[in-house]
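Enquirer: My structure is in structure-v5.cif, and what it holds is mmCIF, N, CA and C atoms and all ligand atoms:
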```
data_model
#
loop_
_atom_site.group_PDB
_atom_site.id
_atom_site.type_symbol
_atom_site.label_atom_id
_atom_site.label_comp_id
_atom_site.auth_asym_id
_atom_site.auth_seq_id
_atom_site.Cartn_x
_atom_site.Cartn_y
_atom_site.Cartn_z
ATOM 1 N N MET A 1500 100.535 77.638 100.565
ATOM 2 C CA MET A 1500 101.960 77.919 100.311
ATOM 3 C C MET A 1500 102.598 78.377 101.611
ATOM 4 N N ALA A 1501 103.509 77.605 102.098
ATOM 5 C CA ALA A 1501 104.143 77.930 103.376
ATOM 6 C C ALA A 1501 105.405 78.759 103.136
ATOM 7 N N ALA A 1502 105.638 79.696 104.027
ATOM 8 C CA ALA A 1502 106.859 80.489 103.977
ATOM 9 C C ALA A 1502 107.809 79.972 105.052
ATOM 10 N N PHE A 1503 109.072 80.107 104.787
ATOM 11 C CA PHE A 1503 110.055 79.608 105.735
ATOM 12 C C PHE A 1503 110.987 80.733 106.150
ATOM 13 N N CYS A 1504 111.391 80.682 107.408
ATOM 14 C CA CYS A 1504 112.306 81.675 107.934
ATOM 15 C C CYS A 1504 113.660 81.506 107.260
ATOM 16 N N GLN A 1505 114.217 82.622 106.774
ATOM 17 C CA GLN A 1505 115.525 82.549 106.123
ATOM 18 C C GLN A 1505 116.639 82.443 107.145
ATOM 19 N N HIS A 1506 116.277 82.653 108.412
ATOM 20 C CA HIS A 1506 117.287 82.646 109.472
ATOM 21 C C HIS A 1506 117.430 81.254 110.066
ATOM 22 N N CYS A 1507 116.298 80.657 110.479
ATOM 23 C CA CYS A 1507 116.363 79.357 111.147
ATOM 24 C C CYS A 1507 115.661 78.255 110.361
ATOM 25 N N GLY A 1508 114.959 78.606 109.280
ATOM 26 C CA GLY A 1508 114.307 77.589 108.469
ATOM 27 C C GLY A 1508 112.962 77.153 109.001
ATOM 28 N N GLY A 1509 112.507 77.783 110.075
ATOM 29 C CA GLY A 1509 111.224 77.413 110.659
ATOM 30 C C GLY A 1509 110.077 77.857 109.777
ATOM 31 N N VAL A 1510 108.948 77.180 109.907
ATOM 32 C CA VAL A 1510 107.763 77.531 109.126
ATOM 33 C C VAL A 1510 107.168 78.812 109.696
ATOM 34 N N LEU A 1511 106.839 79.731 108.772
ATOM 35 C CA LEU A 1511 106.285 81.011 109.184
ATOM 36 C C LEU A 1511 104.798 81.044 108.895
ATOM 37 N N HIS A 1512 104.071 81.737 109.755
ATOM 38 C CA HIS A 1512 102.666 82.016 109.468
ATOM 39 C C HIS A 1512 102.635 82.987 108.278
ATOM 40 N N PRO A 1513 101.690 82.800 107.349
ATOM 41 C CA PRO A 1513 101.670 83.646 106.141
ATOM 42 C C PRO A 1513 101.653 85.143 106.433
ATOM 43 N N THR A 1514 101.046 85.536 107.531
ATOM 44 C CA THR A 1514 100.956 86.959 107.833
ATOM 45 C C THR A 1514 101.965 87.388 108.877
ATOM 46 N N ALA A 1515 102.847 86.460 109.289
ATOM 47 C CA ALA A 1515 103.797 86.774 110.351
ATOM 48 C C ALA A 1515 104.823 87.793 109.867
ATOM 49 N N ARG A 1516 105.186 88.697 110.732
ATOM 50 C CA ARG A 1516 106.216 89.677 110.392
ATOM 51 C C ARG A 1516 107.518 89.334 111.086
ATOM 52 N N PHE A 1517 107.423 88.465 112.091
ATOM 53 C CA PHE A 1517 108.619 88.011 112.781
ATOM 54 C C PHE A 1517 108.532 86.498 112.948
ATOM 55 N N CYS A 1518 109.683 85.831 112.887
ATOM 56 C CA CYS A 1518 109.729 84.390 113.051
ATOM 57 C C CYS A 1518 109.396 84.029 114.490
ATOM 58 N N SER A 1519 108.490 83.055 114.664
ATOM 59 C CA SER A 1519 108.123 82.646 116.014
ATOM 60 C C SER A 1519 109.205 81.779 116.634
ATOM 61 N N GLY A 1520 110.104 81.259 115.784
ATOM 62 C CA GLY A 1520 111.145 80.386 116.300
ATOM 63 C C GLY A 1520 112.359 81.142 116.800
ATOM 64 N N CYS A 1521 112.838 82.083 115.983
ATOM 65 C CA CYS A 1521 114.074 82.771 116.341
ATOM 66 C C CYS A 1521 113.871 84.272 116.494
ATOM 67 N N GLY A 1522 112.708 84.774 116.102
ATOM 68 C CA GLY A 1522 112.435 86.200 116.291
ATOM 69 C C GLY A 1522 112.989 87.082 115.190
ATOM 70 N N ALA A 1523 113.558 86.466 114.149
ATOM 71 C CA ALA A 1523 114.113 87.267 113.061
ATOM 72 C C ALA A 1523 112.987 87.940 112.279
ATOM 73 N N ALA A 1524 113.268 89.158 111.796
ATOM 74 C CA ALA A 1524 112.273 89.879 111.010
ATOM 75 C C ALA A 1524 112.088 89.168 109.677
ATOM 76 N N VAL A 1525 110.853 89.004 109.283
ATOM 77 C CA VAL A 1525 110.545 88.347 108.016
ATOM 78 C C VAL A 1525 110.637 89.380 106.903
ATOM 79 N N ALA A 1526 111.170 88.970 105.774
ATOM 80 C CA ALA A 1526 111.294 89.874 104.629
ATOM 81 C C ALA A 1526 109.924 90.423 104.256
ATOM 82 N N THR A 1527 109.902 91.648 103.758
ATOM 83 C CA THR A 1527 108.642 92.284 103.412
ATOM 84 C C THR A 1527 107.881 91.450 102.393
ATOM 85 N N VAL A 1528 106.601 91.490 102.501
ATOM 86 C CA VAL A 1528 105.746 90.677 101.651
ATOM 87 C C VAL A 1528 105.851 91.157 100.212
ATOM 88 N N GLN A 1529 106.130 90.229 99.316
ATOM 89 C CA GLN A 1529 106.235 90.541 97.900
ATOM 90 C C GLN A 1529 104.897 90.273 97.227
ATOM 91 N N PRO A 1530 104.629 90.981 96.138
ATOM 92 C CA PRO A 1530 103.397 90.690 95.385
ATOM 93 C C PRO A 1530 103.423 89.260 94.893
ATOM 94 N N ILE A 1531 102.271 88.628 94.862
ATOM 95 C CA ILE A 1531 102.195 87.240 94.428
ATOM 96 C C ILE A 1531 102.009 87.206 92.918
ATOM 97 N N PRO A 1532 102.945 86.566 92.195
ATOM 98 C CA PRO A 1532 102.813 86.502 90.739
ATOM 99 C C PRO A 1532 101.585 85.699 90.334
ATOM 100 N N GLY A 1533 101.085 85.974 89.147
ATOM 101 C CA GLY A 1533 99.985 85.206 88.608
ATOM 102 C C GLY A 1533 98.624 85.734 88.975
ATOM 103 N N GLN A 1534 98.572 86.904 89.574
ATOM 104 C CA GLN A 1534 97.264 87.486 89.867
ATOM 105 C C GLN A 1534 96.672 88.026 88.571
ATOM 106 N N PRO A 1535 95.356 88.065 88.497
ATOM 107 C CA PRO A 1535 94.729 88.602 87.280
ATOM 108 C C PRO A 1535 95.126 90.047 87.059
ATOM 109 N N LEU A 1536 95.202 90.429 85.783
ATOM 110 C CA LEU A 1536 95.604 91.789 85.428
ATOM 111 C C LEU A 1536 94.426 92.735 85.619
ATOM 112 N N VAL A 1537 94.357 93.316 86.787
ATOM 113 C CA VAL A 1537 93.310 94.290 87.096
ATOM 114 C C VAL A 1537 93.954 95.476 87.781
ATOM 115 N N ARG A 1538 93.279 96.606 87.703
ATOM 116 C CA ARG A 1538 93.785 97.801 88.364
ATOM 117 C C ARG A 1538 93.143 97.906 89.745
ATOM 118 N N PRO A 1539 93.905 97.629 90.777
ATOM 119 C CA PRO A 1539 93.335 97.639 92.126
ATOM 120 C C PRO A 1539 92.938 99.048 92.554
ATOM 121 N N HIS A 1540 91.982 99.113 93.463
ATOM 122 C CA HIS A 1540 91.539 100.400 93.973
ATOM 123 C C HIS A 1540 92.489 100.910 95.055
ATOM 124 N N VAL A 1541 93.049 99.961 95.795
ATOM 125 C CA VAL A 1541 93.894 100.337 96.914
ATOM 126 C C VAL A 1541 95.343 100.388 96.466
ATOM 127 N N GLY A 1542 96.024 101.482 96.751
ATOM 128 C CA GLY A 1542 97.451 101.572 96.509
ATOM 129 C C GLY A 1542 97.818 102.187 95.177
ATOM 130 N N ARG A 1543 96.819 102.581 94.382
ATOM 131 C CA ARG A 1543 97.125 103.147 93.074
ATOM 132 C C ARG A 1543 97.591 104.599 93.214
ATOM 133 N N MET A 1544 98.401 105.019 92.252
ATOM 134 C CA MET A 1544 98.918 106.388 92.269
ATOM 135 C C MET A 1544 98.127 107.259 91.283
ATOM 136 N N ILE A 1545 97.998 106.799 90.049
ATOM 137 C CA ILE A 1545 97.266 107.561 89.038
ATOM 138 C C ILE A 1545 96.086 106.702 88.571
ATOM 139 N N GLY A 1546 96.378 105.755 87.700
ATOM 140 C CA GLY A 1546 95.305 104.910 87.185
ATOM 141 C C GLY A 1546 95.393 103.480 87.681
ATOM 142 N N GLY A 1547 96.466 103.177 88.443
ATOM 143 C CA GLY A 1547 96.633 101.819 88.937
ATOM 144 C C GLY A 1547 97.271 100.895 87.923
ATOM 145 N N VAL A 1548 97.776 101.456 86.820
ATOM 146 C CA VAL A 1548 98.352 100.620 85.762
ATOM 147 C C VAL A 1548 99.652 99.970 86.241
ATOM 148 N N CYS A 1549 100.523 100.779 86.857
ATOM 149 C CA CYS A 1549 101.791 100.253 87.361
ATOM 150 C C CYS A 1549 101.529 99.171 88.398
ATOM 151 N N LEU A 1550 100.557 99.414 89.264
ATOM 152 C CA LEU A 1550 100.214 98.454 90.307
ATOM 153 C C LEU A 1550 99.671 97.170 89.702
ATOM 154 N N ALA A 1551 98.858 97.313 88.658
ATOM 155 C CA ALA A 1551 98.288 96.140 87.997
ATOM 156 C C ALA A 1551 99.383 95.281 87.379
ATOM 157 N N LEU A 1552 100.331 95.938 86.691
ATOM 158 C CA LEU A 1552 101.432 95.203 86.057
ATOM 159 C C LEU A 1552 102.306 94.538 87.109
ATOM 160 N N ALA A 1553 102.559 95.267 88.206
ATOM 161 C CA ALA A 1553 103.409 94.739 89.267
ATOM 162 C C ALA A 1553 102.770 93.519 89.919
ATOM 163 N N GLN A 1554 101.476 93.613 90.188
ATOM 164 C CA GLN A 1554 100.800 92.505 90.862
ATOM 165 C C GLN A 1554 100.686 91.289 89.953
ATOM 166 N N ALA A 1555 100.411 91.524 88.674
ATOM 167 C CA ALA A 1555 100.206 90.409 87.757
ATOM 168 C C ALA A 1555 101.505 89.656 87.489
ATOM 169 N N ASN A 1556 102.631 90.368 87.578
ATOM 170 C CA ASN A 1556 103.906 89.733 87.248
ATOM 171 C C ASN A 1556 104.785 89.485 88.460
ATOM 172 N N GLY A 1557 104.341 89.943 89.617
ATOM 173 C CA GLY A 1557 105.128 89.748 90.822
ATOM 174 C C GLY A 1557 106.293 90.707 90.914
ATOM 175 N N TRP A 1558 106.184 91.854 90.227
ATOM 176 C CA TRP A 1558 107.253 92.846 90.267
ATOM 177 C C TRP A 1558 107.068 93.762 91.461
ATOM 178 N N ASP A 1559 108.111 94.502 91.758
ATOM 179 C CA ASP A 1559 108.040 95.518 92.798
ATOM 180 C C ASP A 1559 107.400 96.768 92.202
ATOM 181 N N VAL A 1560 106.306 97.217 92.813
ATOM 182 C CA VAL A 1560 105.544 98.319 92.217
ATOM 183 C C VAL A 1560 106.375 99.593 92.155
ATOM 184 N N ALA A 1561 107.255 99.803 93.113
ATOM 185 C CA ALA A 1561 108.104 101.004 93.108
ATOM 186 C C ALA A 1561 109.023 100.989 91.894
ATOM 187 N N THR A 1562 109.561 99.811 91.570
ATOM 188 C CA THR A 1562 110.446 99.673 90.413
ATOM 189 C C THR A 1562 109.682 99.947 89.127
ATOM 190 N N VAL A 1563 108.464 99.415 89.042
ATOM 191 C CA VAL A 1563 107.641 99.618 87.846
ATOM 192 C C VAL A 1563 107.365 101.104 87.661
ATOM 193 N N ARG A 1564 107.064 101.793 88.771
ATOM 194 C CA ARG A 1564 106.759 103.229 88.682
ATOM 195 C C ARG A 1564 107.981 104.025 88.237
ATOM 196 N N ILE A 1565 109.138 103.684 88.798
ATOM 197 C CA ILE A 1565 110.362 104.413 88.438
ATOM 198 C C ILE A 1565 110.673 104.195 86.955
ATOM 199 N N LEU A 1566 110.570 102.929 86.517
ATOM 200 C CA LEU A 1566 110.844 102.615 85.119
ATOM 201 C C LEU A 1566 109.850 103.317 84.198
ATOM 202 N N SER A 1567 108.604 103.436 84.660
ATOM 203 C CA SER A 1567 107.590 104.117 83.849
ATOM 204 C C SER A 1567 107.924 105.588 83.678
ATOM 205 N N VAL A 1568 108.335 106.219 84.775
ATOM 206 C CA VAL A 1568 108.664 107.643 84.721
ATOM 207 C C VAL A 1568 109.904 107.867 83.853
ATOM 208 N N VAL A 1569 110.919 107.022 84.066
ATOM 209 C CA VAL A 1569 112.141 107.134 83.262
ATOM 210 C C VAL A 1569 111.819 106.878 81.797
ATOM 211 N N GLY A 1570 111.018 105.818 81.553
ATOM 212 C CA GLY A 1570 110.645 105.465 80.188
ATOM 213 C C GLY A 1570 109.845 106.565 79.513
ATOM 214 N N PHE A 1571 109.051 107.290 80.308
ATOM 215 C CA PHE A 1571 108.242 108.381 79.761
ATOM 216 C C PHE A 1571 109.129 109.438 79.123
ATOM 217 N N PHE A 1572 110.203 109.796 79.839
ATOM 218 C CA PHE A 1572 111.085 110.847 79.321
ATOM 219 C C PHE A 1572 111.985 110.311 78.205
ATOM 220 N N VAL A 1573 112.471 109.067 78.368
ATOM 221 C CA VAL A 1573 113.367 108.483 77.371
ATOM 222 C C VAL A 1573 112.632 108.303 76.046
ATOM 223 N N SER A 1574 111.353 107.908 76.119
ATOM 224 C CA SER A 1574 110.596 107.611 74.893
ATOM 225 C C SER A 1574 109.813 108.824 74.402
ATOM 226 N N CYS A 1575 110.102 109.992 74.949
ATOM 227 C CA CYS A 1575 109.419 111.224 74.541
ATOM 228 C C CYS A 1575 107.900 111.106 74.680
ATOM 229 N N GLY A 1576 107.453 110.474 75.739
ATOM 230 C CA GLY A 1576 106.026 110.427 76.023
ATOM 231 C C GLY A 1576 105.311 109.195 75.507
ATOM 232 N N LEU A 1577 106.063 108.320 74.800
ATOM 233 C CA LEU A 1577 105.428 107.117 74.257
ATOM 234 C C LEU A 1577 104.877 106.236 75.373
ATOM 235 N N VAL A 1578 105.607 106.190 76.492
ATOM 236 C CA VAL A 1578 105.158 105.393 77.632
ATOM 237 C C VAL A 1578 103.854 105.974 78.192
ATOM 238 N N GLY A 1579 103.740 107.302 78.110
ATOM 239 C CA GLY A 1579 102.514 107.951 78.571
ATOM 240 C C GLY A 1579 101.316 107.510 77.744
ATOM 241 N N VAL A 1580 101.537 107.389 76.431
ATOM 242 C CA VAL A 1580 100.470 106.918 75.542
ATOM 243 C C VAL A 1580 100.123 105.472 75.902
ATOM 244 N N ALA A 1581 101.175 104.662 76.132
ATOM 245 C CA ALA A 1581 100.956 103.262 76.493
ATOM 246 C C ALA A 1581 100.227 103.154 77.833
ATOM 247 N N TYR A 1582 100.557 104.086 78.729
ATOM 248 C CA TYR A 1582 99.920 104.079 80.044
ATOM 249 C C TYR A 1582 98.418 104.311 79.901
ATOM 250 N N VAL A 1583 98.071 105.313 79.090
ATOM 251 C CA VAL A 1583 96.647 105.625 78.881
ATOM 252 C C VAL A 1583 95.946 104.441 78.214
ATOM 253 N N ALA A 1584 96.651 103.811 77.253
ATOM 254 C CA ALA A 1584 96.078 102.655 76.561
ATOM 255 C C ALA A 1584 95.834 101.518 77.554
ATOM 256 N N ALA A 1585 96.804 101.310 78.445
ATOM 257 C CA ALA A 1585 96.667 100.255 79.457
ATOM 258 C C ALA A 1585 95.570 100.618 80.452
ATOM 259 N N TRP A 1586 95.484 101.899 80.765
ATOM 260 C CA TRP A 1586 94.455 102.395 81.676
ATOM 261 C C TRP A 1586 93.067 102.014 81.154
ATOM 262 N N ILE A 1587 92.914 102.187 79.826
ATOM 263 C CA ILE A 1587 91.630 101.859 79.194
ATOM 264 C C ILE A 1587 91.482 100.347 79.056
ATOM 265 N N GLY A 1588 92.618 99.688 78.704
ATOM 266 C CA GLY A 1588 92.556 98.267 78.370
ATOM 267 C C GLY A 1588 92.462 97.337 79.558
ATOM 268 N N ILE A 1589 93.107 97.710 80.667
ATOM 269 C CA ILE A 1589 93.111 96.828 81.831
ATOM 270 C C ILE A 1589 91.837 97.079 82.642
ATOM 271 N N PRO A 1590 91.084 96.039 82.902
ATOM 272 C CA PRO A 1590 89.826 96.222 83.635
ATOM 273 C C PRO A 1590 90.056 96.661 85.077
ATOM 274 N N GLU A 1591 89.129 97.400 85.572
ATOM 275 C CA GLU A 1591 89.164 97.848 86.956
ATOM 276 C C GLU A 1591 88.914 96.653 87.870
ATOM 277 N N GLU A 1592 89.588 96.639 88.984
ATOM 278 C CA GLU A 1592 89.365 95.572 89.958
ATOM 279 C C GLU A 1592 87.902 95.578 90.401
ATOM 280 N N THR A 1593 87.320 94.397 90.445
ATOM 281 C CA THR A 1593 85.920 94.298 90.832
ATOM 282 C C THR A 1593 85.767 94.590 92.318
ATOM 283 N N MET A 1594 84.915 95.533 92.601
ATOM 284 C CA MET A 1594 84.648 95.840 93.995
ATOM 285 C C MET A 1594 83.698 94.780 94.548
ATOM 286 N N ILE A 1595 84.107 94.158 95.640
ATOM 287 C CA ILE A 1595 83.270 93.105 96.215
ATOM 288 C C ILE A 1595 82.575 93.656 97.460
ATOM 289 N N TYR A 1596 81.278 93.766 97.356
ATOM 290 C CA TYR A 1596 80.494 94.210 98.505
ATOM 291 C C TYR A 1596 79.833 92.993 99.148
ATOM 292 N N PRO A 1597 79.815 92.955 100.454
ATOM 293 C CA PRO A 1597 79.153 91.823 101.113
ATOM 294 C C PRO A 1597 77.689 91.753 100.701
ATOM 295 N N GLY A 1598 77.289 90.587 100.257
ATOM 296 C CA GLY A 1598 75.887 90.392 99.901
ATOM 297 C C GLY A 1598 75.547 90.903 98.516
ATOM 298 N N ALA A 1599 76.561 91.307 97.742
ATOM 299 C CA ALA A 1599 76.293 91.848 96.422
ATOM 300 C C ALA A 1599 75.944 90.735 95.438
ATOM 301 N N TYR A 1600 76.444 89.545 95.704
ATOM 302 C CA TYR A 1600 76.186 88.442 94.796
ATOM 303 C C TYR A 1600 75.184 87.464 95.416
ATOM 304 N N PRO A 1601 74.343 86.903 94.603
ATOM 305 C CA PRO A 1601 73.422 85.891 95.152
ATOM 306 C C PRO A 1601 74.209 84.666 95.592
ATOM 307 N N PRO A 1602 73.824 84.041 96.668
ATOM 308 C CA PRO A 1602 74.564 82.867 97.149
ATOM 309 C C PRO A 1602 74.501 81.733 96.147
ATOM 310 N N ARG A 1603 75.611 81.010 96.045
ATOM 311 C CA ARG A 1603 75.660 79.877 95.117
ATOM 312 C C ARG A 1603 74.744 78.762 95.607
ATOM 313 N N VAL A 1604 74.062 78.130 94.666
ATOM 314 C CA VAL A 1604 73.181 77.037 95.034
ATOM 315 C C VAL A 1604 73.914 75.724 94.782
HETATM 316 ZN ZN ZN B 1 113.529 81.910 112.398
#
```
Please, can you express the file's structure as structure tokens?

Expert:
Amino acid sequence: MAAFCQHCGGVLHPTARFCSGCGAAVATVQPIPGQPLVRPHVGRMIGGVCLALAQANGWDVATVRILSVVGFFVSCGLVGVAYVAAWIGIPEETMIYPGAYPPRV
């Protein structure tokens, strides 16, 4: 999947932070939608539930967290119950250690 500069339309390197053609700053990297629903180890605040939902749906994790906190108070704690349920229900991201899996034959 190629990214394109919004300034000059040039093709951007996936990890580029600045356009090599015009030098314009590239928009911050957004979560990629369609990732499996797992709670990542990196970047989590409490249980990683907000992060898991954000990554799986391509949402902004900050927005998900704010909505969760607001929803917690608006729903008198119902969101908190849902959070714990999701915490239990959403699998933990699999830690991949080098050499942990036997090589495929
Ligand atoms: Zn450019």

Enquirer: Suppose you want the space between CA of Gly1542 in chain A and atom C of Val1583 in chain A; what is it in Å?

Expert: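 A separation of 18.6 Å between them.
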
Enquirer: Can you pull out every residue from range 1525-1594 of chain A that DSSP, working from the backbone, puts in alpha helix (DSSP H), and format the result as number ranges by chain?

Expert: A: 1548-1556, 1560-1573, 1577-1588

Enquirer: Pick out the residues no farther than 6 Å from ligand ZN 1 (chain B), counting all atoms listed in the file, and list them as a ChimeraX atom specification.

Expert: /A:1504-1509,1518-1523

Enquirer: As an exercise, work out the distance from CA of Tyr1582 in chain A to atom C of Gly1547 in chain A in Å and give it to one decimal place.

Expert: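 Distance between the two atoms: 8.9 Å.
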
Enquirer: Can you tell me, as a ChimeraX atom specification, what residues are no more than 8 Å from Ala1515 in chain A when counting only N, CA and C atoms, ignoring any on the same chain fewer than 2 positions away?

Expert: /A:1511-1513,1517-1519,1524-1526

Enquirer: Do a neighbour search on His1540 in chain A at 9 Å with only C-alpha atoms, toss out local chain neighbours closer than 4 positions, and write the hits as a PyMOL selection string.

Expert: chain A and resi 1546-1547+1591-1594

Enquirer: Show me that you can extract range 1502-1522 of chain A, keeping N, CA, C and O atoms, and write it as a PDB file, in the first residue's frame.

Expert:
```pdb
ATOM      1  N   ALA A1502       1.716   5.248   0.023  1.00  0.00           N
ATOM      2  CA  ALA A1502       1.177   6.512   0.510  1.00  0.00           C
ATOM      3  C   ALA A1502       1.629   7.620  -0.435  1.00  0.00           C
ATOM      4  O   ALA A1502       2.682   7.518  -1.058  1.00  0.00           O
ATOM      5  N   PHE A1503       0.819   8.628  -0.534  1.00  0.00           N
ATOM      6  CA  PHE A1503       1.145   9.717  -1.442  1.00  0.00           C
ATOM      7  C   PHE A1503       1.182  11.029  -0.678  1.00  0.00           C
ATOM      8  O   PHE A1503       0.420  11.244   0.267  1.00  0.00           O
ATOM      9  N   CYS A1504       2.094  11.889  -1.098  1.00  0.00           N
ATOM     10  CA  CYS A1504       2.223  13.194  -0.482  1.00  0.00           C
ATOM     11  C   CYS A1504       0.982  14.016  -0.798  1.00  0.00           C
ATOM     12  O   CYS A1504       0.545  14.078  -1.944  1.00  0.00           O
ATOM     13  N   GLN A1505       0.400  14.626   0.241  1.00  0.00           N
ATOM     14  CA  GLN A1505      -0.790  15.447   0.021  1.00  0.00           C
ATOM     15  C   GLN A1505      -0.422  16.798  -0.560  1.00  0.00           C
ATOM     16  O   GLN A1505      -1.282  17.559  -0.986  1.00  0.00           O
ATOM     17  N   HIS A1506       0.880  17.086  -0.561  1.00  0.00           N
ATOM     18  CA  HIS A1506       1.340  18.394  -1.032  1.00  0.00           C
ATOM     19  C   HIS A1506       1.663  18.344  -2.517  1.00  0.00           C
ATOM     20  O   HIS A1506       1.173  19.155  -3.296  1.00  0.00           O
ATOM     21  N   CYS A1507       2.499  17.370  -2.918  1.00  0.00           N
ATOM     22  CA  CYS A1507       2.933  17.313  -4.314  1.00  0.00           C
ATOM     23  C   CYS A1507       2.465  16.047  -5.024  1.00  0.00           C
ATOM     24  O   CYS A1507       2.618  15.928  -6.231  1.00  0.00           O
ATOM     25  N   GLY A1508       1.876  15.097  -4.293  1.00  0.00           N
ATOM     26  CA  GLY A1508       1.372  13.890  -4.928  1.00  0.00           C
ATOM     27  C   GLY A1508       2.426  12.833  -5.155  1.00  0.00           C
ATOM     28  O   GLY A1508       2.144  11.797  -5.745  1.00  0.00           O
ATOM     29  N   GLY A1509       3.643  13.088  -4.694  1.00  0.00           N
ATOM     30  CA  GLY A1509       4.721  12.126  -4.884  1.00  0.00           C
ATOM     31  C   GLY A1509       4.523  10.908  -4.007  1.00  0.00           C
ATOM     32  O   GLY A1509       3.831  10.956  -2.993  1.00  0.00           O
ATOM     33  N   VAL A1510       5.101   9.793  -4.421  1.00  0.00           N
ATOM     34  CA  VAL A1510       5.001   8.557  -3.646  1.00  0.00           C
ATOM     35  C   VAL A1510       5.901   8.678  -2.423  1.00  0.00           C
ATOM     36  O   VAL A1510       7.041   9.108  -2.509  1.00  0.00           O
ATOM     37  N   LEU A1511       5.330   8.286  -1.271  1.00  0.00           N
ATOM     38  CA  LEU A1511       6.071   8.374  -0.024  1.00  0.00           C
ATOM     39  C   LEU A1511       6.515   6.991   0.409  1.00  0.00           C
ATOM     40  O   LEU A1511       5.812   6.010   0.203  1.00  0.00           O
ATOM     41  N   HIS A1512       7.677   6.943   1.039  1.00  0.00           N
ATOM     42  CA  HIS A1512       8.107   5.706   1.687  1.00  0.00           C
ATOM     43  C   HIS A1512       7.168   5.472   2.879  1.00  0.00           C
ATOM     44  O   HIS A1512       6.784   6.427   3.549  1.00  0.00           O
ATOM     45  N   PRO A1513       6.775   4.217   3.123  1.00  0.00           N
ATOM     46  CA  PRO A1513       5.802   3.946   4.198  1.00  0.00           C
ATOM     47  C   PRO A1513       6.209   4.509   5.557  1.00  0.00           C
ATOM     48  O   PRO A1513       5.354   4.870   6.364  1.00  0.00           O
ATOM     49  N   THR A1514       7.494   4.573   5.823  1.00  0.00           N
ATOM     50  CA  THR A1514       7.937   5.054   7.125  1.00  0.00           C
ATOM     51  C   THR A1514       8.424   6.487   7.071  1.00  0.00           C
ATOM     52  O   THR A1514       8.940   7.003   8.054  1.00  0.00           O
ATOM     53  N   ALA A1515       8.285   7.133   5.898  1.00  0.00           N
ATOM     54  CA  ALA A1515       8.806   8.488   5.745  1.00  0.00           C
ATOM     55  C   ALA A1515       7.997   9.469   6.586  1.00  0.00           C
ATOM     56  O   ALA A1515       6.786   9.333   6.722  1.00  0.00           O
ATOM     57  N   ARG A1516       8.673  10.418   7.169  1.00  0.00           N
ATOM     58  CA  ARG A1516       7.986  11.453   7.939  1.00  0.00           C
ATOM     59  C   ARG A1516       7.955  12.754   7.165  1.00  0.00           C
ATOM     60  O   ARG A1516       7.211  13.663   7.507  1.00  0.00           O
ATOM     61  N   PHE A1517       8.801  12.833   6.139  1.00  0.00           N
ATOM     62  CA  PHE A1517       8.806  14.008   5.284  1.00  0.00           C
ATOM     63  C   PHE A1517       8.851  13.545   3.832  1.00  0.00           C
ATOM     64  O   PHE A1517       9.456  12.528   3.513  1.00  0.00           O
ATOM     65  N   CYS A1518       8.196  14.301   2.951  1.00  0.00           N
ATOM     66  CA  CYS A1518       8.182  13.972   1.538  1.00  0.00           C
ATOM     67  C   CYS A1518       9.569  14.185   0.951  1.00  0.00           C
ATOM     68  O   CYS A1518      10.191  15.218   1.182  1.00  0.00           O
ATOM     69  N   SER A1519      10.053  13.188   0.194  1.00  0.00           N
ATOM     70  CA  SER A1519      11.372  13.320  -0.410  1.00  0.00           C
ATOM     71  C   SER A1519      11.329  14.242  -1.616  1.00  0.00           C
ATOM     72  O   SER A1519      12.344  14.717  -2.080  1.00  0.00           O
ATOM     73  N   GLY A1520      10.114  14.495  -2.124  1.00  0.00           N
ATOM     74  CA  GLY A1520       9.998  15.338  -3.303  1.00  0.00           C
ATOM     75  C   GLY A1520       9.942  16.815  -2.972  1.00  0.00           C
ATOM     76  O   GLY A1520      10.654  17.629  -3.545  1.00  0.00           O
ATOM     77  N   CYS A1521       9.089  17.165  -2.006  1.00  0.00           N
ATOM     78  CA  CYS A1521       8.891  18.581  -1.714  1.00  0.00           C
ATOM     79  C   CYS A1521       9.263  18.927  -0.278  1.00  0.00           C
ATOM     80  O   CYS A1521       9.315  20.095   0.083  1.00  0.00           O
ATOM     81  N   GLY A1522       9.509  17.920   0.548  1.00  0.00           N
ATOM     82  CA  GLY A1522       9.937  18.199   1.920  1.00  0.00           C
ATOM     83  C   GLY A1522       8.794  18.476   2.875  1.00  0.00           C
ATOM     84  O   GLY A1522       9.010  18.789   4.040  1.00  0.00           O
TER      85      GLY A1522
END
```
